[in-house]
Amino acid sequence: MKVVNHELPSIDGKGLMMGRPAYTDDLAERNSLIVKVLRSPHPYAKIVKIDCSKARALEGVELVLTYEDFERRPFTRAGQGYPEPSPHDKFVLDQYVRYVGDEAVVVAALDNKIADEALSLIDIEYEVLEPILDFEEAYENKIVIHPEPEIHDMFPIGFEPLKNVAAAYHMHVGDVEKSLNESDVVLEQSFYTQAQAHAMMEPHTVNARIDYQNRLMIYSSTQTPFHVRRIISQVLDYPLSKIRVIKPRVGGGFGGKQAIHGEILVSAVTLRTGKPSKMVFTRKEVFESSYSRHPMRLDIKLGADKDGTLKAIDCYVLSDTGAYGEHALTVFMVAGSKVLPLYNKVDSVRFHGNVVYTNHTPAGAYRGYGAIQGNFALESAIDMLCEKLNMDPIKFRQKNMILEGETSPIFAIMGEGTEGTAMFMESCKLDFCVNRGLELLDWKHKYPRVKQDNNKVKGVGMAIAMQGSGIPYIDMAAATIKLNDDGFYNLLIGATDIGQGSDTILAQIAAEALGTTLDKVIVYSSDSDLTPFDTGAYASSTTYVSGNAVLKAANDMRKMILTEGAHALGVDVKDIEYDGVVLKTKDNEITLKQLSNRLYYNEDQKQLTSTNSYVGTKSPPPFMAGFVEVDVDTMTGEVDIIEYVSVVDCGTTINPMLARGQVEGGIVQGIGMAIYEEVLYNKKGTLITNNFLNYKIPTRLEVKKLTTEFAVSYEEAGPFGAKSVGEIGIDTPPAALANAIYNAIGVRITSLPITPEKILRGINELRGQKNGK
Amino acid sequence: MKIKVKINGYNKTFDVNPDEYLLDTLRANDYLSVKKGCDNSSCGVCTVLFDGKPVPSCSLLTVKTEGHEITTVEGIQKDAERLSEYFGHQGADQCGYCNPSMALTVYALKHEIKNPTDAEINDYLVGNLCRCTGYQSQHLAIKKYLEDDQL
């Protein structure tokens with residue numbers, strides 16, 4: 001291959017480094033009204049009285065909106081396909097506020113200063129209600145967070161708001177109780193994960209204007225421009241045909257920009273005032289008032305025989321969706337569906353539990369999407385089970401894990417909010433990933449620990465993981481390719497580059513299929529008026545789903561060129577040889593450049609345009625093995641990460657360098673969740689970790705050495721053999737680090753993040769046990 | 001109030017409020033390479049050079065720039081372009097939102113420390129957060145650029 005599987009620089013890196021205007025706020029109208037939100041200081045309260053008269057009277061204030069200004073129309077901000085698997089439990093503005101940071105009043109003013117002053121002039125009288133701040137107390141609590149009668153699910157998802165249940169799920173294969181009873185060894189353990197923040201560098205940003213055709217035109221930093229258009233239309237009851245959503249360059253998303261955040265508010269302001277408006281979230285708002293990862297408690301039971309055969313996995317999960325149920329069911333299900341098939345040889349599996357409402361910041365989509373939570377629990381539990389079995393955890397995994405050609409009943413049972421799709425692993429190099437990772441980290445000389453001179457101990461740990469490649473039968477992507485004079489192409493895609501490099505790799509796919517070079521494929525994404533539909537950048541769908549759409553469109557274009565070339569040369573298509581540059585017969589030829597100029601200006605004039613689309617019939621999982629070496633200070637509890645080794649099977653890497661970037665970026669985010677990113681609320685339910693000083697994402701000092709390799713692998717169903725790779729990198733660090741820390745010092749931490757305090761407490765407990773206390 | 005400041009080599013006069021931050025002044029005057037990431041100098045994406053030293057413009061009052069020289073990426077286009085080639089060849093550019101601030105900080109580093117060690121590079125850039133790359137590719141790109149492009 002000439003373009004695919006080559007390490008080409010991204011097509012946009014230069015312009016962005018040079019600071020060319022590209023992001024949402026760079027493209028706002030200069031005289032936009034500034035939209036700001038007065039947010040709830042209470043975790044749960046009813047608005048008894050709002051007096052906006054002083055704010056409305058302030059010069060420069062154009063509009064003040066309260067819940068009384070909106071029709072009561074429940075929806076979900078989740079940003080999913082329709083009908084959504086998330087409950088419609090949110091109103092644009094409501095008389096009730098359900099977390100600290102929830103929207104109470106919207107102000108639009110001429111500038112920042114006036115908007116701030118207007119917010120300070122609003123008098124709200126709240127009836128403060130008792131909140132639920134502990135998700136383990138939410139189920140059937142006498143406090144009901146969503147008593148309102150209009151809210152509903154779109155299809156059965158176990159939605160029982162009067163019990164504070166946003167979604168519930170139960171599945172089983174075989175008889176788990178029986179398998180556990182018959183197992184030689186049973187391991188039982190609960191794990192806790194926290195509400196990680198996406199912390200993308202560009203805050204949520206949106207602006208709106210009425211264009212010269214009197215249509216609502218929105219620039220949004222979103223992962224889902226087509227869902228944004230649909231949801232604005234539904235919620236504001238404004239014709240879909242009169243809305244245009246443009247996704248310009250996005251400064252990072254990681255799932256945080258799948259949902260609708262400010263889009264409806266600026267649309268409402270612009271539609272009501274006729275004036276352009278914009279909203280840029282403060283960093284505090286990003287932390288407090290967008291959404292986070294779902295915190296979970298995962299109760300795991302594993303049963304195995306003495307010979308190391310895993311027989312049963314039983315998993316009860318309680319998930320905290322916060323004040324609104326965005327992605328409640330689907331994240332919950334992925335905690336099972338993209339974890340449990342790793343061990344496909346068990347007799348029985350059970351996976352069940354509830355997703356409950358609390359008065360915390362809502363949870364939603366975040367890279368890993370449940371798989372990282374499930375992976376932490378299961379892959380920690382596997383190491384704990386091996387300890388009980390007195391068996392090497394690598395040998396145990398090699399004996400029990402999924403291999404190429406195999407399947408798991410989970411695939412057919414569990415999808416995302418619906419039933420799944422049965423599939424066999426046509427590409428699964430997990431065994432290679434494990435073996436190669438052992439070599440790269442020099443595991444055999446380091447496992448389980450190497451004591452240092454001082455108070456430090458080095459240890460190693462590992463975990464295996466899988467993800468998916470889009471949602472079968474749901475995620476649809478489309479691509480349009482246009483041939484220009486001079487023989488270059490436009491590639492128009494609804495797919496959403498949020499920094500992951502999809503514009504580049506989709507152009508590589510097109511260029512390879514068209515037999516041209518990357519510079520001849522001009523990419524434009526995404527614009528609801530100009531580009532064909534794509535569900536958006538989520539569920540690891542872009543390389544696989546959008547990539548297949550691009551490949552189909554490119555193959556169509558190639559056929560069109562051959563047809564026109566044959567016509568121009570006066571021969572049959574079968575008599576032409578075409579390398580993407582010159583169409584040749586035995587005694588005649590025409591270059592693509594000549595042909596395209598001819599089609600534009602001279603003879604048989606026509607525009608060649610191909611459009612094709614793709615919807616997956618399966619979701620081939622990428623796999624990986626993650627290995628980490630840590631250095632634990634037994635005096636302070638601090639952990640240094642010496643090296644993180646990732647060996648990944650994502651099929652063909654369309655651009656190995658950009659694929660590595662996805663893995664490495666995921667690894668470091670996963671490391672952040674594992675050991676640094678603590679989420680703290682005060683007793684009143686206010687998020688304390690609401691800025692980068694309190695919420696500590698990894699800096700460049702924490703990253704010592706990342707080693708990343710890819711297995712040679714080919715997925716038949718993928719474009720040029722590719723699977724997706726956007727999420728898989730984040731999954732292994734929590735479990736691999738927990739296992740490494742245990743291997744180093746014998747302290748098993750089961751709640752994230754693994755802070756020095758928890759490690760020290762564990763060390764002290766161990767010492768206490770040794771001293772017989 | 002009127003503030004006279006040199007921006008990217010040009011003398012400018014801005015009419016600003018006394019409590020206005022430089023980030024807002026710059027963006028309002030179309031220096032759009034300067035980005036907003038946080039509000040309290042903790043992410044680095046709003047970095048500009050203040051008399052050659054990298055500072056977060058989100059926390060610098062515009063009035064404090066009176067008589068000083070401010071550099072944004074618009075003022076070091078060639079250097080940014082050159083650095084971008086190194087980023088490109090390491091796969092170190094993802095969302096790109098922090099990249100102009102990286103270009104400015106690396107530019108200042110280049111002028112301040114000759115042949116910096118790995119630790120010096122890391123220390124100099126520690127305030128420039130990136131959530132996309134995991135930093136290693138950036139570090140390799142910056143290191144190679146500094147080796148190749150010594151002053």
# chains A, B, ... in the order shown; residues from 1 in each chain; ligands from 1

call {"tool": "interface_residues", "arguments": {"of": "chain A", "to": "chain B", "cutoff": "6 Å", "atoms": "only C-alpha atoms", "output": "number ranges by chain"}}
result
A: 9, 13-14, 16-19, 21, 200-202, 251-252, 283, 499-500, 657-658, 661, 664-665, 668, 692, 700

call {"tool": "select_by_dssp", "arguments": {"residues": "chain B", "states": "helix (DSSP H, G or I)", "output": "NGL selection string"}}
result
:B and (22-28 or 57-59 or 62-65 or 73-75 or 77-90 or 99-112 or 118-125 or 136-148)

call {"tool": "residues_around", "arguments": {"residues": "Ala513 (chain A)", "least_positions_apart": "4", "cutoff": "9 Å", "atoms": "only C-alpha atoms", "output": "list in words"}}
result
Gln508, Ile509, Leu551, Lys552, Ala554, Asn555, Arg558 and Gly580 of chain A

call {"tool": "write_last_selection", "arguments": {"atoms": "C-alpha atoms", "output": "PDB file, in the first residue's frame"}}
result
ATOM      1  CA  GLN A 508      -5.476   8.300   3.453  1.00  0.00           C
ATOM      2  CA  ILE A 509      -8.146   5.654   2.894  1.00  0.00           C
ATOM      3  CA  LEU A 551     -13.646   3.347   0.951  1.00  0.00           C
ATOM      4  CA  LYS A 552     -16.976   2.553  -0.717  1.00  0.00           C
ATOM      5  CA  ALA A 554     -13.736   6.004  -3.350  1.00  0.00           C
ATOM      6  CA  ASN A 555     -14.283   2.673  -5.092  1.00  0.00           C
ATOM      7  CA  ARG A 558     -12.751   4.912  -9.348  1.00  0.00           C
ATOM      8  CA  GLY A 580      -4.802   6.426 -10.410  1.00  0.00           C
TER       9      GLY A 580
END

call {"tool": "closest_residue", "arguments": {"among": "A:Tyr23, A:Tyr644, A:Tyr324, A:Tyr681", "to": "Arg249 (chain A)", "atoms": "only C-alpha atoms"}}
result
A:Tyr23

call {"tool": "residues_around", "arguments": {"residues": "Ser233 (chain A)", "least_positions_apart": "5", "cutoff": "12 Å", "atoms": "only C-alpha atoms", "output": "mmCIF file with C-alpha atoms, in the first residue's frame"}}
result
data_model
loop_
_atom_site.group_PDB
_atom_site.id
_atom_site.type_symbol
_atom_site.label_atom_id
_atom_site.label_comp_id
_atom_site.auth_asym_id
_atom_site.auth_seq_id
_atom_site.Cartn_x
_atom_site.Cartn_y
_atom_site.Cartn_z
ATOM 1 C CA ARG A 73 -40.502 19.364 26.627
ATOM 2 C CA PHE A 75 -35.273 15.567 26.116
ATOM 3 C CA LEU A 216 -30.245 29.425 12.171
ATOM 4 C CA PHE A 226 -26.071 15.957 13.064
ATOM 5 C CA HIS A 227 -27.439 14.968 16.468
ATOM 6 C CA VAL A 228 -27.038 18.577 17.590
ATOM 7 C CA TYR A 238 -37.913 24.747 15.053
ATOM 8 C CA PRO A 239 -37.820 23.213 11.552
ATOM 9 C CA LEU A 240 -34.837 20.940 10.956
ATOM 10 C CA SER A 241 -34.533 22.388 7.458
ATOM 11 C CA LYS A 242 -33.884 25.838 8.907
ATOM 12 C CA ILE A 243 -30.932 24.758 11.051
ATOM 13 C CA ARG A 244 -27.347 24.422 9.904
ATOM 14 C CA VAL A 245 -24.734 23.047 12.284
ATOM 15 C CA GLU A 263 -26.218 24.724 21.832
ATOM 16 C CA ILE A 264 -29.848 24.997 22.829
ATOM 17 C CA SER A 267 -30.042 28.935 19.655
ATOM 18 C CA ALA A 268 -32.872 30.124 21.869
ATOM 19 C CA LEU A 271 -33.912 32.902 17.576
#

call {"tool": "residues_around", "arguments": {"residues": "region 2-8 of chain B", "least_positions_apart": "6", "cutoff": "9 Å", "atoms": "only C-alpha atoms", "output": "compact mmCIF listing (two decimals) with C-alpha atoms, in the first residue's frame"}}
result
# COMPACT_ATOMS: atom_id res chain seq x y z
CA PHE B 14 -5.84 49.62 22.71
CA ASP B 15 -8.73 51.20 24.53
CA VAL B 16 -9.36 48.83 27.42
CA ASN B 17 -11.07 48.57 30.77
CA THR B 62 -3.81 44.42 29.72
CA VAL B 63 -2.84 47.66 31.50
CA LYS B 64 0.30 45.87 32.73
CA THR B 65 1.54 45.60 29.15
CA GLU B 66 1.90 49.36 28.71
CA GLY B 67 5.27 49.99 27.13
CA HIS B 68 6.12 46.31 26.83
CA GLU B 69 6.39 43.90 23.94
CA ILE B 70 3.96 41.04 23.41
CA THR B 71 4.53 38.20 20.97
CA THR B 72 1.86 35.82 19.74
CA VAL B 73 2.24 33.02 17.21
CA GLU B 74 1.19 35.50 14.52
CA GLY B 75 4.57 37.09 15.21
CA ILE B 76 6.71 33.95 14.90

call {"tool": "residues_around", "arguments": {"residues": "Lys618 (chain A)", "least_positions_apart": "5", "cutoff": "10 Å", "atoms": "only C-alpha atoms", "output": "number ranges by chain"}}
result
A: 411, 420-424, 468-473, 717

call {"tool": "write_last_selection", "arguments": {"atoms": "N, CA and C atoms", "output": "PDB file, in the first residue's frame"}}
result
ATOM      1  N   PHE A 411     -21.537 -11.286  22.958  1.00  0.00           N
ATOM      2  CA  PHE A 411     -21.689 -10.412  21.788  1.00  0.00           C
ATOM      3  C   PHE A 411     -23.145 -10.373  21.300  1.00  0.00           C
ATOM      4  N   GLY A 420     -27.270  -7.364  21.319  1.00  0.00           N
ATOM      5  CA  GLY A 420     -26.026  -7.234  20.579  1.00  0.00           C
ATOM      6  C   GLY A 420     -26.050  -7.988  19.264  1.00  0.00           C
ATOM      7  N   THR A 421     -24.873  -8.218  18.742  1.00  0.00           N
ATOM      8  CA  THR A 421     -24.716  -8.875  17.452  1.00  0.00           C
ATOM      9  C   THR A 421     -23.680  -9.983  17.589  1.00  0.00           C
ATOM     10  N   ALA A 422     -24.081 -11.191  17.257  1.00  0.00           N
ATOM     11  CA  ALA A 422     -23.144 -12.323  17.345  1.00  0.00           C
ATOM     12  C   ALA A 422     -21.991 -12.114  16.374  1.00  0.00           C
ATOM     13  N   MET A 423     -20.796 -12.438  16.799  1.00  0.00           N
ATOM     14  CA  MET A 423     -19.661 -12.347  15.864  1.00  0.00           C
ATOM     15  C   MET A 423     -18.510 -13.220  16.348  1.00  0.00           C
ATOM     16  N   PHE A 424     -17.744 -13.685  15.385  1.00  0.00           N
ATOM     17  CA  PHE A 424     -16.517 -14.409  15.686  1.00  0.00           C
ATOM     18  C   PHE A 424     -15.345 -13.457  15.549  1.00  0.00           C
ATOM     19  N   GLY A 468     -14.506  -1.734  20.955  1.00  0.00           N
ATOM     20  CA  GLY A 468     -15.330  -2.102  19.810  1.00  0.00           C
ATOM     21  C   GLY A 468     -14.963  -1.237  18.632  1.00  0.00           C
ATOM     22  N   SER A 469     -15.678  -1.386  17.529  1.00  0.00           N
ATOM     23  CA  SER A 469     -15.512  -0.525  16.354  1.00  0.00           C
ATOM     24  C   SER A 469     -16.899  -0.110  15.897  1.00  0.00           C
ATOM     25  N   GLY A 470     -17.480   0.863  16.589  1.00  0.00           N
ATOM     26  CA  GLY A 470     -18.806   1.351  16.220  1.00  0.00           C
ATOM     27  C   GLY A 470     -19.907   0.455  16.763  1.00  0.00           C
ATOM     28  N   ILE A 471     -21.144   0.910  16.577  1.00  0.00           N
ATOM     29  CA  ILE A 471     -22.305   0.157  17.062  1.00  0.00           C
ATOM     30  C   ILE A 471     -23.015  -0.452  15.846  1.00  0.00           C
ATOM     31  N   PRO A 472     -23.019  -1.799  15.754  1.00  0.00           N
ATOM     32  CA  PRO A 472     -23.586  -2.437  14.564  1.00  0.00           C
ATOM     33  C   PRO A 472     -25.059  -2.100  14.374  1.00  0.00           C
ATOM     34  N   TYR A 473     -25.465  -1.952  13.153  1.00  0.00           N
ATOM     35  CA  TYR A 473     -26.840  -1.693  12.745  1.00  0.00           C
ATOM     36  C   TYR A 473     -27.378  -0.344  13.246  1.00  0.00           C
ATOM     37  N   ALA A 717     -13.385  -7.189   7.645  1.00  0.00           N
ATOM     38  CA  ALA A 717     -14.507  -6.273   7.447  1.00  0.00           C
ATOM     39  C   ALA A 717     -14.096  -4.803   7.476  1.00  0.00           C
TER      40      ALA A 717
END

call {"tool": "residues_around", "arguments": {"residues": "region 81-90 of chain A", "least_positions_apart": "6", "cutoff": "8 Å", "atoms": "only C-alpha atoms", "output": "PDB file with C-alpha atoms, in the first residue's frame"}}
result
ATOM      1  CA  PRO A  74     -38.317  16.633  28.100  1.00  0.00           C
ATOM      2  CA  PHE A  75     -35.273  15.567  26.116  1.00  0.00           C
ATOM      3  CA  HIS A 146     -37.012  13.160  39.190  1.00  0.00           C
ATOM      4  CA  ILE A 151     -40.184  12.426  31.709  1.00  0.00           C
ATOM      5  CA  HIS A 152     -39.941   9.088  29.944  1.00  0.00           C
ATOM      6  CA  ASP A 153     -37.734   6.589  28.206  1.00  0.00           C
ATOM      7  CA  MET A 154     -37.851   6.089  24.439  1.00  0.00           C
ATOM      8  CA  PHE A 155     -37.951   2.307  24.731  1.00  0.00           C
ATOM      9  CA  ILE A 157     -34.315   0.706  29.561  1.00  0.00           C
ATOM     10  CA  PHE A 159     -36.268   3.512  33.760  1.00  0.00           C
ATOM     11  CA  ALA A 166     -32.366   5.968  35.353  1.00  0.00           C
ATOM     12  CA  HIS A 227     -27.439  14.968  16.468  1.00  0.00           C
ATOM     13  CA  TYR A 324     -29.497  13.387  34.539  1.00  0.00           C
ATOM     14  CA  GLY A 325     -29.432  10.007  32.840  1.00  0.00           C
ATOM     15  CA  GLU A 326     -27.223  10.742  29.866  1.00  0.00           C
ATOM     16  CA  HIS A 327     -25.701   7.496  28.568  1.00  0.00           C
ATOM     17  CA  ALA A 328     -26.944   5.810  31.757  1.00  0.00           C
ATOM     18  CA  LEU A 329     -27.803   2.427  30.275  1.00  0.00           C
ATOM     19  CA  THR A 330     -25.231   2.257  27.505  1.00  0.00           C
ATOM     20  CA  GLY A 417     -28.910  -0.241  24.976  1.00  0.00           C
ATOM     21  CA  ILE A 474     -27.006   1.750  14.396  1.00  0.00           C
ATOM     22  CA  ASP A 475     -23.943   3.856  13.576  1.00  0.00           C
ATOM     23  CA  THR A 535     -23.557   9.668  13.581  1.00  0.00           C
TER      24      THR A 535
END

call {"tool": "select_by_dssp", "arguments": {"residues": "region 13-66 of chain B", "states": "strand (DSSP E)", "output": "NGL selection string"}}
result
:B and (13-15 or 47-50 or 53-56)

call {"tool": "atom_distance", "arguments": {"atom1": "CA of Thr407 (chain A)", "atom2": "CA of Lys306 (chain A)"}}
result
24.6 Å

call {"tool": "closest_residue", "arguments": {"among": "A:Ser541, A:Tyr291, A:Leu569, A:Tyr600", "to": "Lys586 (chain A)", "atoms": "only C-alpha atoms"}}
result
A:Leu569
